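Reviewing the structure listed below.
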Amino acid sequence: MENIDVISPENASGSPSPPPLPSVKSKCKKSTLQKCNSFASKATRDAWDRMFDEAHGADVLIHTDDNGLIYAHSNVIGMASDVIRGMMKQDKRNSPRKSISILGVPHDAVRVFIRFLYSSCYEKQDMEDFAMHLLVLSHVYVVPHLKSVCESQFESTLLNKENVIDVFQLALLCDAPRLGLLCHRMILKSFEEVSTSQGWLAMKQSHPSLHKELLRSVSYELNSLKQRSRKQKEIQTYTQLYDAMEAFVHICRDGCREIGPTKTESHHVSCGFQACDGLEMLLKHLAGCKLRSIPGGCSRCKRMWQLLELHSRICVDSEQCKVPLCSNFKERMKKQSRKDEKRWKLLVKNVLSTKRIGGSPFFLQAIDVTM
């Protein structure tokens with residue numbers, strides 16, 4: 001048969017024992033949906049399908065919607081599903097053929113389901129058309145192998161923004177937690193598009209409690225994203241301050257380009273400190289700004305004063321420190337209020353915890369004391 005995805009009959013839960021297996025393991029043809037291995041030959045699989053299609057010796061009538069009938073063999077489908085075997089036992093009529101009903105799903109979906117019980121095979125188009133129906137049937141009639149196949153197909157190709165709400169509800173009803181988690185992730189990721197789908201509107205009417213729960217989870221996810229984004233920005237700020245503190249020591253102790261004890265001949269040579277360019281500009285501005293001593297007069301000077309004070313709180317040896325005003329700011333600390341002191345200590349702790357500053361002699365003791 002053409003376009004058939006094959007699942008090993010030996011691995012299918014409760015499937016009937018196939019005819020004698022070939023001595024050599026043969027690989028099935030690569031499918032567009034999945035790659036699998038089967039111990040049974042193609043001829044063996046075709047024999048099981050032919051047994052179902054021709055219904056030779058069938059002793060079970062399966063009634064479906066729209067007065068449909070499917071012929072099957074009681075031994076085969078009874079071994080594949082304990083639920084179906086129990087249904088056949090309940091038929092007490094004295095008839096050469098037992099009769100059961102599988103209603104609520106399309107006739108063709110039931111046919112694909114019964115065919116899978118024979119050979120563990122399905123056609124690609126049938127899976128695309130009836131995947132949700134097959135998921136329900138596999139759960140109701142306890143065919144775990146078919147259930148895992150349906151979940152795998154949804155995960156790989158069949159799940160989309162149009163059907164994700166319907167599949168999510170089925171996953172909850174059919175005890176498919178992994179599939180439910182995948183659906184929930186897609187809903188959160190593409191909520192704007194999913195919330196305009198027909199499935200969402202239908203769920204809002206039929207299951208208002210589930211609708212509210214999803215809205216609550218979407219709101220929680222958005223808040224979590226905002227918190228993570230804010231945390232990342234804080235870490236980025238503390239990292240930049242850390243780099244600025246190292247660049248301060250580098251400029252004032254070693255010199256860099258036009259500032260410091262040792263000037264570099266080439267202005268284009270990189271010193272390895274990313275914050276040097278910005279600090280050099282701030283230092284030059286501070287040296288020549290006429291508004292620096294006026295309270296609130298210059299925002300750039302104010303930023304420079306804050307960086308100098310942060311350095312002084314990290315530096316542990318102001319007598320040997322080459323950074324300007326380091327000792328002055330240490331004296332100023334003694335006169336600050338408890339509120340300001342607490343705020344500065346928290347900032348120092350966050351800056352030091354962003355990166356380990358164990359390599360610098362000025363910060364080594366500060367880490368031991370603060371952390």
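Numbering starts fresh at 1 for the residues of each chain in the structure tokens, the chains themselves are lettered A, B, ... in the order given, and ligands are numbered from 1 as they appear.
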Quiz prompt | Non-local contacts of range 138-141 of chain A (6 Å; only C-alpha atoms; under 5 positions in same chain excluded) as a count of residues only | solution = 4
Any idea what's packed within 12 Å of Gly68 in chain A, counting only C-alpha atoms, ignoring anything in its chain fewer than 6 positions away? Could you give it as a short mmCIF file (atom, residue, chain, number, x, y, z; two decimals) with all heavy atoms, in the first residue's frame?
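And here's out.cif as it stands now:
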data_model
loop_
_atom_site.label_atom_id
_atom_site.label_comp_id
_atom_site.auth_asym_id
_atom_site.auth_seq_id
_atom_site.Cartn_x
_atom_site.Cartn_y
_atom_site.Cartn_z
N LEU A 61 -19.28 -6.82 13.80
CA LEU A 61 -19.81 -5.66 13.10
C LEU A 61 -19.63 -4.43 13.99
O LEU A 61 -20.08 -4.41 15.13
CB LEU A 61 -21.30 -5.85 12.79
CG LEU A 61 -21.67 -6.77 11.63
CD1 LEU A 61 -23.18 -6.90 11.53
CD2 LEU A 61 -21.10 -6.23 10.32
N ILE A 62 -18.97 -3.41 13.45
CA ILE A 62 -18.75 -2.17 14.20
C ILE A 62 -19.63 -1.10 13.59
O ILE A 62 -19.46 -0.73 12.41
CB ILE A 62 -17.26 -1.74 14.15
CG1 ILE A 62 -16.38 -2.86 14.72
CG2 ILE A 62 -17.06 -0.45 14.93
CD1 ILE A 62 -14.89 -2.57 14.61
N ILE A 100 -20.78 -4.16 18.00
CA ILE A 100 -20.42 -3.07 18.92
C ILE A 100 -20.60 -1.75 18.19
O ILE A 100 -20.69 -1.72 16.95
CB ILE A 100 -18.97 -3.20 19.44
CG1 ILE A 100 -17.98 -3.12 18.28
CG2 ILE A 100 -18.79 -4.47 20.24
CD1 ILE A 100 -16.52 -3.08 18.73
N SER A 101 -20.64 -0.66 18.93
CA SER A 101 -20.81 0.67 18.34
C SER A 101 -19.68 1.59 18.79
O SER A 101 -19.33 1.62 19.98
CB SER A 101 -22.15 1.28 18.75
OG SER A 101 -23.23 0.49 18.26
N ILE A 102 -19.13 2.31 17.83
CA ILE A 102 -18.14 3.35 18.12
C ILE A 102 -18.67 4.63 17.47
O ILE A 102 -18.56 4.83 16.26
CB ILE A 102 -16.75 2.99 17.55
CG1 ILE A 102 -16.24 1.70 18.20
CG2 ILE A 102 -15.77 4.13 17.80
CD1 ILE A 102 -14.86 1.26 17.71
N LEU A 103 -19.29 5.46 18.28
CA LEU A 103 -19.99 6.64 17.79
C LEU A 103 -19.30 7.92 18.25
O LEU A 103 -18.44 7.90 19.13
CB LEU A 103 -21.44 6.62 18.28
CG LEU A 103 -22.24 5.34 17.97
CD1 LEU A 103 -23.61 5.40 18.63
CD2 LEU A 103 -22.35 5.12 16.48
N VAL A 105 -17.48 10.00 16.38
CA VAL A 105 -16.36 10.40 15.50
C VAL A 105 -16.71 9.97 14.09
O VAL A 105 -17.54 9.06 13.89
CB VAL A 105 -15.03 9.77 15.95
CG1 VAL A 105 -14.60 10.30 17.30
CG2 VAL A 105 -15.12 8.26 15.99
N PRO A 106 -16.11 10.56 13.07
CA PRO A 106 -16.42 10.20 11.69
C PRO A 106 -16.16 8.72 11.40
O PRO A 106 -15.27 8.10 11.98
CB PRO A 106 -15.49 11.10 10.86
CG PRO A 106 -15.18 12.25 11.76
CD PRO A 106 -15.16 11.70 13.14
N HIS A 107 -16.93 8.19 10.47
CA HIS A 107 -16.78 6.79 10.08
C HIS A 107 -15.36 6.49 9.60
O HIS A 107 -14.77 5.46 9.98
CB HIS A 107 -17.79 6.46 8.96
CG HIS A 107 -17.57 5.12 8.31
ND1 HIS A 107 -18.06 3.96 8.85
CD2 HIS A 107 -16.88 4.78 7.18
CE1 HIS A 107 -17.71 2.93 8.08
NE2 HIS A 107 -17.00 3.41 7.06
N ASP A 108 -14.78 7.37 8.80
CA ASP A 108 -13.44 7.14 8.27
C ASP A 108 -12.40 7.12 9.39
O ASP A 108 -11.40 6.39 9.30
CB ASP A 108 -13.07 8.22 7.24
CG ASP A 108 -13.89 8.08 5.96
OD1 ASP A 108 -14.42 6.97 5.73
OD2 ASP A 108 -14.00 9.07 5.21
N ALA A 109 -12.61 7.94 10.43
CA ALA A 109 -11.67 7.94 11.56
C ALA A 109 -11.71 6.60 12.29
O ALA A 109 -10.66 6.06 12.69
CB ALA A 109 -12.00 9.08 12.53
N VAL A 110 -12.91 6.03 12.45
CA VAL A 110 -13.02 4.71 13.08
C VAL A 110 -12.34 3.66 12.23
O VAL A 110 -11.66 2.76 12.74
CB VAL A 110 -14.50 4.35 13.31
CG1 VAL A 110 -14.62 2.97 13.95
CG2 VAL A 110 -15.18 5.39 14.18
N ARG A 111 -12.47 3.76 10.92
CA ARG A 111 -11.84 2.80 10.02
C ARG A 111 -10.31 2.86 10.14
O ARG A 111 -9.63 1.83 10.18
CB ARG A 111 -12.28 3.07 8.59
CG ARG A 111 -11.78 2.02 7.61
CD ARG A 111 -12.38 2.20 6.22
NE ARG A 111 -11.88 1.16 5.34
CZ ARG A 111 -12.37 -0.07 5.25
NH1 ARG A 111 -13.41 -0.41 6.02
NH2 ARG A 111 -11.85 -0.96 4.43
#
Which residues of range 210-263 of chain A sit at most 9 Å from range 187-197 of chain A, using only C-alpha atoms? Give each one's shortest atom pair and distance in Å (one decimal place), in chain and ascending residue order, as JSON lines.
{"residue": "A:Leu214", "atom": "CA", "partner": "A:Ile187", "partner_atom": "CA", "distance": 8.6}
{"residue": "A:Ser217", "atom": "CA", "partner": "A:Leu188", "partner_atom": "CA", "distance": 8.0}
{"residue": "A:Val218", "atom": "CA", "partner": "A:Leu188", "partner_atom": "CA", "distance": 5.8}
{"residue": "A:Glu221", "atom": "CA", "partner": "A:Leu188", "partner_atom": "CA", "distance": 7.4}
{"residue": "A:Leu222", "atom": "CA", "partner": "A:Leu188", "partner_atom": "CA", "distance": 8.8}
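Among the candidates A:Ile114, A:Tyr71, A:Ser119, A:Asn163, the residue lying nearest to Thr44 in chain A is A:Ser119 (atoms considered: only C-alpha atoms).
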Quiz item: Any idea what's packed within 10 Å of Lys330 in chain A, counting only C-alpha atoms, ignoring anything in its chain fewer than 6 positions away? Could you give it as a list in words?
Solution: Glu309, His311, Ser312, Arg313, Cys315, Val316 and Ser318 of chain A
Practice problem: Considering only C-alpha atoms, state which residue in the set A:Met281, A:Ile314, A:Lys349, A:Ser120 is at the smallest distance from Arg300 in chain A. | Solution: A:Met281
Quiz prompt | Residues flagged helix (DSSP H, G or I) by DSSP in range 128-358 of chain A, as number ranges by chain | solution = A: 128-140, 144-158, 164-173, 177-189, 191-194, 198-206, 208-254, 276-288, 299-314, 326-333, 338-354
